[in-house]
$ cat upload.tsv   # TSV, C-alpha atoms and all ligand atoms
chain	number	residue	atom	x	y	z
A	1	MET	CA	36.13	19.83	-5.57
A	2	ALA	CA	36.65	16.15	-6.31
A	3	GLU	CA	33.46	14.45	-7.47
A	4	LEU	CA	31.80	12.23	-4.88
A	5	THR	CA	31.79	8.53	-5.91
A	6	ASN	CA	28.36	7.00	-5.48
A	7	ILE	CA	28.46	3.88	-3.36
A	8	SER	CA	25.50	1.49	-3.40
A	9	LEU	CA	25.05	-0.64	-0.32
A	10	ALA	CA	21.46	-1.08	-1.46
A	11	ARG	CA	21.45	-3.57	-4.31
A	12	GLY	CA	21.59	-7.30	-3.70
A	13	ALA	CA	23.63	-7.97	-6.83
A	14	PRO	CA	27.23	-8.98	-7.56
A	15	SER	CA	29.74	-6.53	-9.04
A	16	ILE	CA	30.83	-7.39	-12.59
A	17	ASP	CA	34.39	-8.28	-11.51
A	18	ILE	CA	33.05	-11.42	-9.79
A	19	VAL	CA	30.99	-12.59	-12.77
A	20	ALA	CA	32.79	-15.30	-14.81
A	21	VAL	CA	32.38	-13.50	-18.13
A	22	ASP	CA	34.98	-15.51	-20.08
A	23	GLU	CA	33.74	-18.85	-18.76
A	24	LEU	CA	30.18	-17.84	-19.64
A	25	ARG	CA	31.19	-16.93	-23.17
A	26	ALA	CA	32.94	-20.31	-23.54
A	27	ALA	CA	29.92	-22.14	-22.07
A	28	ALA	CA	27.62	-20.35	-24.53
A	29	ASP	CA	29.85	-21.41	-27.44
A	30	ARG	CA	29.83	-25.02	-26.37
A	31	ALA	CA	26.08	-25.02	-25.61
A	32	PHE	CA	25.19	-23.61	-29.04
A	33	GLU	CA	27.58	-25.99	-30.81
A	34	ARG	CA	26.29	-29.01	-28.94
A	35	ASP	CA	22.53	-28.50	-29.21
A	36	PRO	CA	21.48	-25.61	-31.47
A	37	SER	CA	17.94	-26.89	-31.96
A	38	GLY	CA	17.40	-27.26	-28.20
A	39	ALA	CA	18.88	-23.88	-27.38
A	40	PHE	CA	17.08	-21.91	-30.10
A	41	SER	CA	13.62	-23.51	-30.09
A	42	TYR	CA	10.66	-22.85	-27.81
A	43	GLY	CA	11.27	-25.97	-25.75
A	44	THR	CA	8.85	-27.02	-23.01
A	45	SER	CA	7.49	-25.08	-20.05
A	46	ALA	CA	9.46	-27.36	-17.68
A	47	GLY	CA	12.76	-25.94	-18.89
A	48	TYR	CA	15.86	-27.13	-20.74
A	49	PRO	CA	16.16	-30.91	-20.17
A	50	ARG	CA	19.94	-30.96	-19.60
A	51	LEU	CA	19.55	-28.32	-16.88
A	52	LEU	CA	16.63	-30.15	-15.26
A	53	ALA	CA	18.79	-33.29	-15.17
A	54	TRP	CA	21.55	-31.38	-13.32
A	55	ILE	CA	19.08	-29.88	-10.83
A	56	ALA	CA	17.41	-33.26	-10.26
A	57	ALA	CA	20.79	-34.95	-9.62
A	58	LYS	CA	21.86	-32.17	-7.24
A	59	HIS	CA	18.74	-32.60	-5.12
A	60	ASP	CA	18.46	-36.37	-5.59
A	61	VAL	CA	14.97	-36.23	-7.14
A	62	GLU	CA	13.47	-37.21	-10.50
A	63	PRO	CA	13.36	-34.50	-13.22
A	64	ASP	CA	9.52	-34.45	-13.02
A	65	SER	CA	9.91	-32.88	-9.56
A	66	THR	CA	11.61	-29.81	-11.06
A	67	ILE	CA	10.84	-26.78	-13.17
A	68	ALA	CA	13.40	-24.19	-14.32
A	69	THR	CA	12.04	-20.66	-14.67
A	70	ASN	CA	13.14	-17.17	-15.68
A	71	GLY	CA	14.75	-16.34	-12.34
A	72	SER	CA	13.48	-17.69	-9.06
A	73	MET	CA	11.16	-14.68	-8.73
A	74	GLN	CA	9.14	-16.25	-11.54
A	75	ALA	CA	9.17	-19.57	-9.71
A	76	ASP	CA	7.85	-17.82	-6.59
A	77	ALA	CA	5.09	-16.14	-8.58
A	78	PHE	CA	4.01	-19.48	-10.12
A	79	LEU	CA	4.04	-21.19	-6.74
A	80	PHE	CA	1.93	-18.47	-5.17
A	81	ARG	CA	-0.51	-18.69	-8.08
A	82	ALA	CA	-0.80	-22.45	-7.61
A	83	LEU	CA	-1.18	-22.42	-3.83
A	84	VAL	CA	-2.38	-19.09	-2.50
A	85	GLU	CA	-5.95	-17.79	-2.73
A	86	PRO	CA	-7.01	-14.36	-1.50
A	87	GLY	CA	-7.48	-14.52	2.28
A	88	ASP	CA	-5.10	-17.49	2.75
A	89	VAL	CA	-2.68	-17.12	5.64
A	90	VAL	CA	1.01	-17.17	4.69
A	91	VAL	CA	3.73	-17.16	7.34
A	92	VAL	CA	6.72	-14.96	6.61
A	93	GLU	CA	9.85	-14.15	8.53
A	94	ALA	CA	10.00	-10.67	10.03
A	95	PRO	CA	11.96	-9.09	8.44
A	96	THR	CA	11.77	-10.75	5.02
A	97	TYR	CA	12.56	-10.18	1.34
A	98	ASP	CA	10.55	-7.12	0.31
A	99	ARG	CA	9.52	-8.49	-3.09
A	100	THR	CA	7.97	-11.62	-1.54
A	101	LEU	CA	6.06	-9.46	0.89
A	102	LEU	CA	4.79	-7.32	-1.96
A	103	ALA	CA	3.83	-10.31	-4.15
A	104	LEU	CA	1.88	-11.95	-1.32
A	105	ARG	CA	0.03	-8.77	-0.48
A	106	GLN	CA	-0.82	-8.19	-4.14
A	107	MET	CA	-2.35	-11.69	-4.20
A	108	GLY	CA	-4.57	-10.80	-1.26
A	109	ALA	CA	-2.84	-13.23	1.12
A	110	GLU	CA	-3.09	-12.59	4.83
A	111	VAL	CA	0.54	-12.26	5.84
A	112	LEU	CA	1.47	-13.62	9.27
A	113	PRO	CA	4.90	-12.26	10.26
A	114	ILE	CA	6.91	-14.28	12.80
A	115	PRO	CA	10.03	-12.67	14.28
A	116	LEU	CA	13.46	-13.73	13.12
A	117	GLU	CA	16.18	-14.57	15.64
A	118	ALA	CA	19.94	-14.94	15.14
A	119	ASP	CA	19.38	-18.64	14.33
A	120	GLY	CA	16.32	-18.16	12.14
A	121	ILE	CA	12.57	-17.81	12.54
A	122	ASP	CA	11.21	-18.04	16.11
A	123	VAL	CA	9.69	-21.51	15.73
A	124	GLU	CA	8.19	-21.52	19.23
A	125	GLU	CA	6.34	-18.27	18.51
A	126	LEU	CA	5.05	-19.92	15.32
A	127	ALA	CA	4.00	-22.98	17.38
A	128	ARG	CA	2.11	-20.67	19.77
A	129	ARG	CA	0.33	-18.96	16.89
A	130	LEU	CA	-0.64	-22.36	15.45
A	131	GLU	CA	-1.90	-23.53	18.84
A	132	ALA	CA	-3.93	-20.33	19.05
A	133	GLY	CA	-5.70	-21.23	15.82
A	134	ALA	CA	-3.63	-19.81	12.95
A	135	ARG	CA	-4.13	-22.00	9.83
A	136	PRO	CA	-1.41	-21.07	7.32
A	137	LYS	CA	-1.35	-22.55	3.84
A	138	LEU	CA	2.31	-21.77	3.35
A	139	ALA	CA	5.38	-20.64	5.32
A	140	HIS	CA	7.97	-18.72	3.34
A	141	ILE	CA	11.43	-19.35	4.80
A	142	ILE	CA	14.82	-18.11	3.55
A	143	PRO	CA	17.03	-20.59	5.41
A	144	ASN	CA	20.56	-19.49	4.55
A	145	PHE	CA	22.08	-16.00	4.90
A	146	GLN	CA	18.62	-14.57	4.93
A	147	ASN	CA	17.63	-11.57	2.87
A	148	PRO	CA	17.65	-9.05	4.56
A	149	ALA	CA	18.94	-10.22	7.95
A	150	GLY	CA	21.94	-12.40	6.94
A	151	CYS	CA	21.12	-15.06	9.54
A	152	THR	CA	20.85	-18.84	9.03
A	153	LEU	CA	18.20	-21.28	10.26
A	154	SER	CA	19.70	-23.82	12.69
A	155	ARG	CA	19.37	-27.56	12.12
A	156	GLU	CA	17.12	-27.92	15.21
A	157	LYS	CA	14.77	-25.25	13.92
A	158	ARG	CA	14.64	-26.93	10.50
A	159	GLU	CA	13.50	-30.13	12.22
A	160	ARG	CA	10.93	-28.27	14.33
A	161	LEU	CA	9.52	-26.46	11.29
A	162	LEU	CA	9.08	-29.75	9.45
A	163	GLN	CA	7.32	-31.19	12.48
A	164	LEU	CA	4.97	-28.17	12.67
A	165	ALA	CA	4.27	-28.38	8.94
A	166	ARG	CA	3.37	-32.07	9.28
A	167	GLU	CA	1.18	-31.51	12.32
A	168	HIS	CA	-0.63	-28.45	11.00
A	169	GLY	CA	-0.75	-29.31	7.31
A	170	PHE	CA	1.02	-26.33	5.77
A	171	THR	CA	3.68	-26.26	3.04
A	172	ILE	CA	7.17	-24.91	3.70
A	173	PHE	CA	8.43	-22.78	0.85
A	174	GLU	CA	12.21	-23.04	1.24
A	175	ASP	CA	13.56	-20.07	-0.72
A	176	ASP	CA	17.29	-20.74	-0.90
A	177	PRO	CA	19.20	-18.63	-3.45
A	178	TYR	CA	22.23	-18.02	-1.18
A	179	VAL	CA	22.92	-21.60	-0.04
A	180	GLU	CA	26.15	-22.02	-2.06
A	181	LEU	CA	27.65	-18.80	-0.74
A	182	ARG	CA	28.77	-20.06	2.67
A	183	PHE	CA	32.27	-18.82	3.50
A	184	GLU	CA	32.53	-20.13	7.05
A	185	GLY	CA	30.85	-22.54	9.49
A	186	SER	CA	29.28	-25.86	8.48
A	187	PRO	CA	26.32	-26.19	6.13
A	188	HIS	CA	22.96	-27.56	7.27
A	189	PRO	CA	20.89	-29.96	5.18
A	190	THR	CA	18.03	-28.45	3.21
A	191	MET	CA	14.54	-29.00	4.63
A	192	LEU	CA	13.75	-30.52	1.23
A	193	SER	CA	16.27	-33.29	1.91
A	194	MET	CA	15.07	-33.77	5.51
A	195	ASP	CA	11.38	-33.97	4.53
A	196	GLU	CA	9.85	-37.43	4.68
A	197	GLY	CA	6.49	-36.36	3.23
A	198	ASN	CA	5.53	-33.69	0.73
A	199	ALA	CA	5.82	-30.72	3.07
A	200	VAL	CA	8.50	-28.74	1.22
A	201	VAL	CA	8.73	-26.84	-2.04
A	202	TYR	CA	12.28	-25.68	-2.64
A	203	ALA	CA	13.43	-22.74	-4.79
A	204	SER	CA	16.91	-21.69	-5.79
A	205	SER	CA	18.57	-19.54	-8.38
A	206	PHE	CA	21.64	-19.13	-10.55
A	207	SER	CA	21.57	-15.36	-9.98
A	208	LYS	CA	24.11	-15.54	-7.17
A	209	THR	CA	26.31	-18.37	-8.49
A	210	VAL	CA	26.39	-17.54	-12.23
A	211	CYS	CA	24.94	-14.02	-12.71
A	212	PRO	CA	21.56	-12.34	-12.23
A	213	GLY	CA	21.27	-11.23	-15.87
A	214	ILE	CA	20.97	-14.83	-17.04
A	215	ARG	CA	17.57	-15.02	-15.22
A	216	VAL	CA	17.49	-18.71	-14.41
A	217	GLY	CA	15.98	-20.14	-11.22
A	218	TYR	CA	14.08	-23.28	-10.31
A	219	LEU	CA	11.65	-25.12	-8.07
A	220	VAL	CA	11.79	-28.66	-6.70
A	221	GLY	CA	8.63	-30.12	-5.20
A	222	PRO	CA	6.01	-32.85	-5.26
A	223	PRO	CA	5.49	-33.96	-8.92
A	224	GLU	CA	1.70	-33.23	-8.90
A	225	LEU	CA	2.30	-29.66	-7.74
A	226	ILE	CA	5.16	-29.23	-10.23
A	227	ALA	CA	2.86	-30.51	-13.01
A	228	GLU	CA	0.30	-27.86	-12.04
A	229	ILE	CA	3.01	-25.17	-12.05
A	230	ARG	CA	4.23	-26.36	-15.46
A	231	ARG	CA	0.67	-25.79	-16.75
A	232	ILE	CA	0.69	-22.26	-15.32
A	233	ALA	CA	4.10	-21.72	-16.97
A	234	THR	CA	2.84	-22.90	-20.38
A	235	GLY	CA	-0.02	-20.41	-20.22
A	236	THR	CA	2.33	-17.62	-19.16
A	237	TYR	CA	5.26	-17.86	-21.59
A	238	ILE	CA	5.07	-21.18	-23.53
A	239	SER	CA	8.57	-21.95	-22.32
A	240	PRO	CA	11.27	-20.13	-20.37
A	241	ASN	CA	14.43	-18.75	-21.97
A	242	MET	CA	16.07	-21.82	-23.55
A	243	VAL	CA	19.15	-19.90	-24.71
A	244	ALA	CA	19.92	-18.89	-21.12
A	245	GLN	CA	19.13	-22.31	-19.70
A	246	SER	CA	21.30	-24.13	-22.24
A	247	ILE	CA	24.23	-21.89	-21.23
A	248	VAL	CA	23.61	-22.50	-17.52
A	249	ALA	CA	23.34	-26.25	-18.17
A	250	GLU	CA	26.73	-26.25	-19.87
A	251	PHE	CA	28.19	-24.00	-17.15
A	252	CYS	CA	27.01	-26.46	-14.50
A	253	HIS	CA	27.87	-29.76	-16.19
A	254	SER	CA	31.37	-28.54	-17.14
A	255	GLY	CA	32.26	-27.60	-13.57
A	256	ALA	CA	32.62	-23.87	-14.35
A	257	ILE	CA	29.99	-23.19	-11.70
A	258	GLU	CA	32.30	-24.50	-8.95
A	259	ARG	CA	35.05	-22.07	-10.00
A	260	SER	CA	32.53	-19.24	-10.19
A	261	ILE	CA	31.23	-19.99	-6.69
A	262	ALA	CA	34.81	-20.04	-5.34
A	263	THR	CA	35.51	-16.60	-6.86
A	264	VAL	CA	32.26	-15.15	-5.54
A	265	LYS	CA	32.80	-16.52	-2.03
A	266	ARG	CA	36.37	-15.21	-1.84
A	267	ALA	CA	35.22	-11.70	-2.75
A	268	LEU	CA	32.15	-11.79	-0.50
A	269	LEU	CA	34.18	-12.84	2.54
A	270	GLU	CA	36.51	-9.86	2.05
A	271	ARG	CA	33.51	-7.57	1.62
A	272	ARG	CA	31.73	-8.97	4.65
A	273	ASP	CA	34.86	-8.44	6.77
A	274	ALA	CA	35.29	-4.90	5.47
A	275	THR	CA	31.66	-4.16	6.38
A	276	CYS	CA	31.96	-5.49	9.93
A	277	GLU	CA	35.29	-3.72	10.54
A	278	ALA	CA	33.98	-0.42	9.19
A	279	LEU	CA	30.85	-0.67	11.34
A	280	GLU	CA	32.93	-1.35	14.44
A	281	ARG	CA	35.24	1.55	13.66
A	282	HIS	CA	32.76	4.18	12.48
A	283	LEU	CA	29.42	3.16	14.02
A	284	PRO	CA	30.23	1.36	17.27
A	285	GLU	CA	26.66	1.82	18.47
A	286	SER	CA	25.37	-0.47	15.67
A	287	ARG	CA	24.33	-4.04	16.49
A	288	PHE	CA	24.43	-6.83	13.92
A	289	VAL	CA	24.66	-10.61	13.45
A	290	VAL	CA	27.78	-11.47	11.45
A	291	PRO	CA	26.57	-13.45	8.41
A	292	GLU	CA	28.41	-16.70	7.62
A	293	GLY	CA	27.73	-16.24	3.93
A	294	GLY	CA	25.58	-14.43	1.40
A	295	TYR	CA	25.19	-10.79	0.51
A	296	PHE	CA	23.60	-8.96	3.43
A	297	LEU	CA	24.05	-7.60	6.90
A	298	TRP	CA	21.23	-6.20	9.01
A	299	VAL	CA	22.11	-3.30	11.28
A	300	ASP	CA	20.12	-2.18	14.32
A	301	LEU	CA	20.86	1.36	15.42
A	302	PRO	CA	19.88	2.60	18.87
A	303	GLU	CA	16.14	2.72	19.36
A	304	GLY	CA	14.64	6.03	18.31
A	305	SER	CA	17.04	6.42	15.35
A	306	ASP	CA	15.12	7.60	12.31
A	307	VAL	CA	16.37	5.48	9.42
A	308	GLY	CA	14.26	7.41	6.89
A	309	ARG	CA	16.14	10.62	7.71
A	310	LEU	CA	19.42	8.71	7.83
A	311	GLN	CA	18.75	7.36	4.34
A	312	ALA	CA	18.07	10.85	2.96
A	313	SER	CA	21.15	12.25	4.61
A	314	ALA	CA	23.34	9.35	3.41
A	315	LEU	CA	22.01	9.86	-0.12
A	316	GLU	CA	23.26	13.46	-0.04
A	317	ARG	CA	26.66	11.93	0.70
A	318	GLY	CA	26.34	9.55	-2.27
A	319	VAL	CA	25.57	6.36	-0.33
A	320	THR	CA	22.46	4.22	-0.61
A	321	PHE	CA	21.09	1.41	1.55
A	322	VAL	CA	17.61	-0.02	2.16
A	323	LYS	CA	15.56	1.02	5.19
A	324	GLY	CA	14.51	-1.70	7.63
A	325	THR	CA	10.87	-0.68	7.22
A	326	ASP	CA	10.87	-1.96	3.61
A	327	PHE	CA	11.21	-5.54	4.88
A	328	LEU	CA	8.49	-5.45	7.52
A	329	LEU	CA	4.79	-4.73	7.81
A	330	GLU	CA	5.49	-2.97	11.10
A	331	GLY	CA	8.68	-1.70	12.74
A	332	GLY	CA	12.22	-1.48	11.39
A	333	GLU	CA	12.44	2.31	11.87
A	334	SER	CA	15.88	2.12	13.46
A	335	SER	CA	17.29	-0.66	11.25
A	336	LEU	CA	18.84	-0.91	7.81
A	337	ARG	CA	20.05	-3.54	5.35
A	338	LEU	CA	23.56	-3.25	3.98
A	339	ALA	CA	24.37	-5.26	0.83
A	340	TYR	CA	28.12	-5.72	0.52
A	341	SER	CA	27.90	-7.85	-2.65
A	342	ALA	CA	28.50	-5.13	-5.20
A	343	VAL	CA	31.19	-3.01	-3.58
A	344	PRO	CA	34.98	-3.49	-3.28
A	345	PRO	CA	36.32	-3.35	0.32
A	346	GLU	CA	37.88	0.16	0.11
A	347	GLN	CA	34.56	1.60	-1.03
A	348	ILE	CA	32.69	-0.23	1.72
A	349	GLU	CA	34.91	1.48	4.30
A	350	GLU	CA	34.27	4.86	2.67
A	351	GLY	CA	30.52	4.22	2.32
A	352	ILE	CA	30.08	3.26	5.96
A	353	ALA	CA	32.19	6.21	7.09
A	354	ARG	CA	29.77	8.47	5.22
A	355	VAL	CA	26.70	6.74	6.72
A	356	ALA	CA	28.29	7.21	10.17
A	357	GLU	CA	28.88	10.89	9.44
A	358	ALA	CA	25.22	11.25	8.45
A	359	TYR	CA	24.19	9.43	11.63
A	360	ARG	CA	26.29	11.70	13.88
A	361	GLU	CA	24.83	14.74	12.23
A	362	LEU	CA	21.30	13.43	12.89
A	363	VAL	CA	21.92	12.66	16.53
A	364	GLY	CA	23.57	16.05	16.92
A	365	THR	CA	26.96	14.81	18.02
A	366	ALA	CA	29.04	15.63	14.98
A	367	ALA	CA	32.45	13.99	15.37
B	1	LIG	C1	15.23	-14.53	-0.92
B	1	LIG	C2	15.20	-14.27	-2.39
B	1	LIG	N1	14.37	-14.94	-3.17
B	1	LIG	C3	14.32	-14.74	-4.50
B	1	LIG	C4	15.14	-13.81	-5.11
B	1	LIG	C5	15.02	-13.61	-6.59
B	1	LIG	O1	16.08	-14.15	-7.27
B	1	LIG	P1	16.11	-14.30	-8.86
B	1	LIG	O2	17.17	-13.36	-9.34
B	1	LIG	O3	16.49	-15.73	-9.09
B	1	LIG	O4	14.77	-13.97	-9.42
B	1	LIG	C6	16.04	-13.07	-4.34
B	1	LIG	C7	16.89	-12.07	-4.98
B	1	LIG	O5	17.54	-11.25	-4.39
B	1	LIG	C8	16.06	-13.30	-2.94
B	1	LIG	O6	16.89	-12.62	-2.14

$ encode --input "upload.tsv" --output "structure tokens"
Amino acid sequence: MAELTNISLARGAPSIDIVAVDELRAAADRAFERDPSGAFSYGTSAGYPRLLAWIAAKHDVEPDSTIATNGSMQADAFLFRALVEPGDVVVVEAPTYDRTLLALRQMGAEVLPIPLEADGIDVEELARRLEAGARPKLAHIIPNFQNPAGCTLSREKRERLLQLAREHGFTIFEDDPYVELRFEGSPHPTMLSMDEGNAVVYASSFSKTVCPGIRVGYLVGPPELIAEIRRIATGTYISPNMVAQSIVAEFCHSGAIERSIATVKRALLERRDATCEALERHLPESRFVVPEGGYFLWVDLPEGSDVGRLQASALERGVTFVKGTDFLLEGGESSLRLAYSAVPPEQIEEGIARVAEAYRELVGTAA
């Protein structure tokens, strides 16, 4: 019997064929040639200056408003340490990125989930909760091609969120690692750029535009808060990985990043289309919002579907995905997240056919 190929629709990571390996090698050569003492020394906790300059120019801020970290996960952890005390209320989208949920709960935060709609968080539900007395310190928002739901926050909702933050005195944590991966529709401005006060702290990452193994992400925010986070960073690791940051700086300044983003977007669009077509063909009862970019698609199966059993049964067929329940404090039992970022289109078709086969077996209507 032919061996079953394992197909992972679980991991939010790119496949190696869309990582610009040769351009990265060339960028490393140039970075080491240009500034060996900067690349190979400890450096400062703020990050590699040439990279901070690029980030600051991109977001039209001064470099003292930025810190570059070892992946944006590290940036998130520093921000939570600076702002969140046990018992503080933190708004999250429901569903949301499982690692954020876990980090907040580990810190003893009181998580306030607000449902997500096709155009982003339900801002009027948030307004009602605020009117009813909720006093959040922070609202964690993934505005573009949300992980796990794939949806994007509309411009109107961005404005409304900023207004609510101003009125109720909470900080918006705009967690935006997928922003560059838009393959259709028009982009919306970041809340950071729309903010007229100090209501927004913005995070992004080079994991999706360069590669995740490089572990470089960053924060942009009010200089006093960034100074506090730089102190936390010094105490944690002296300085982040200067070798990696010098390579990313060269990759960005040389324009290689634009070519890398174009390659990634081309592949992701094909993979997104293959996912939607395969779902329509093999699982017509599934409901989903077609993402305009990014890595993920959220699938709702008919109510009463048991996604835990579906996951186990799909695993026997060599396919993995993440259960909806992992991204929520409550609910998600009939939903799943499919990541199409790591799988070529033919394998996506095969993977979804196998998930559909597992589903039919569970509902007792084997095709
Ligand atoms: C919403 C969100 N935030 C943060 C991260 C972490 O990214 P990084 O690789 O930069 O640590 C991810 C990674 O998947 C993510 O989806």

$ axis_aligned_box --input "upload.tsv" --around "ligand LIG 1 (chain B)" --padding-each-side "8 Å" --output "JSON"
{"center_x": 15.9, "center_y": -13.5, "center_z": -5.2, "size_x": 19.2, "size_y": 20.5, "size_z": 24.5}

$ closest_atom_pairs --input "upload.tsv" --of "region 117-212 of chain A" --to "region 311-325 of chain A" --cutoff "12 Å" --atoms "only C-alpha atoms" --output "Markdown table"
| residue | atom | partner | partner_atom | distance |
| --- | --- | --- | --- | --- |
| A:Asn147 | CA | A:Gly324 | CA | 11.4 |
| A:Pro148 | CA | A:Gly324 | CA | 8.6 |
| A:Ala149 | CA | A:Gly324 | CA | 9.6 |

$ closest_residue --input "upload.tsv" --among "A:Asn6, A:Thr69, A:Ser286, A:Thr44" --to "ligand LIG 1 (chain B)" --atoms "all atoms listed in the file"
A:Thr69

$ atom_distance --input "upload.tsv" --atom1 "CA of Tyr218 (chain A)" --atom2 "CA of Leu102 (chain A)"
20.3 Å

$ atom_distance --input "upload.tsv" --atom1 "CA of Ala139 (chain A)" --atom2 "CA of Trp54 (chain A)"
26.9 Å

$ atom_distance --input "upload.tsv" --atom1 "CA of Gly71 (chain A)" --atom2 "CA of Tyr178 (chain A)"
13.5 Å

$ residues_near_ligand --input "upload.tsv" --ligand "ligand LIG 1 (chain B)" --cutoff "10 Å" --atoms "all atoms listed in the file" --output "number ranges by chain"
A: 11-13, 69-77, 96-100, 140-148, 174-178, 203-208, 211-218, 294-296

$ closest_atom_pairs --input "upload.tsv" --of "region 274-310 of chain A" --to "region 150-160 of chain A" --cutoff "9 Å" --atoms "only C-alpha atoms" --output "JSON lines"
{"residue": "A:Val289", "atom": "CA", "partner": "A:Cys151", "partner_atom": "CA", "distance": 6.9}
{"residue": "A:Val290", "atom": "CA", "partner": "A:Gly150", "partner_atom": "CA", "distance": 7.4}
{"residue": "A:Pro291", "atom": "CA", "partner": "A:Gly150", "partner_atom": "CA", "distance": 5.0}
{"residue": "A:Glu292", "atom": "CA", "partner": "A:Cys151", "partner_atom": "CA", "distance": 7.7}
{"residue": "A:Gly293", "atom": "CA", "partner": "A:Gly150", "partner_atom": "CA", "distance": 7.6}
{"residue": "A:Gly294", "atom": "CA", "partner": "A:Gly150", "partner_atom": "CA", "distance": 6.9}
{"residue": "A:Tyr295", "atom": "CA", "partner": "A:Gly150", "partner_atom": "CA", "distance": 7.4}
{"residue": "A:Phe296", "atom": "CA", "partner": "A:Gly150", "partner_atom": "CA", "distance": 5.2}
{"residue": "A:Leu297", "atom": "CA", "partner": "A:Gly150", "partner_atom": "CA", "distance": 5.2}
{"residue": "A:Trp298", "atom": "CA", "partner": "A:Gly150", "partner_atom": "CA", "distance": 6.6}
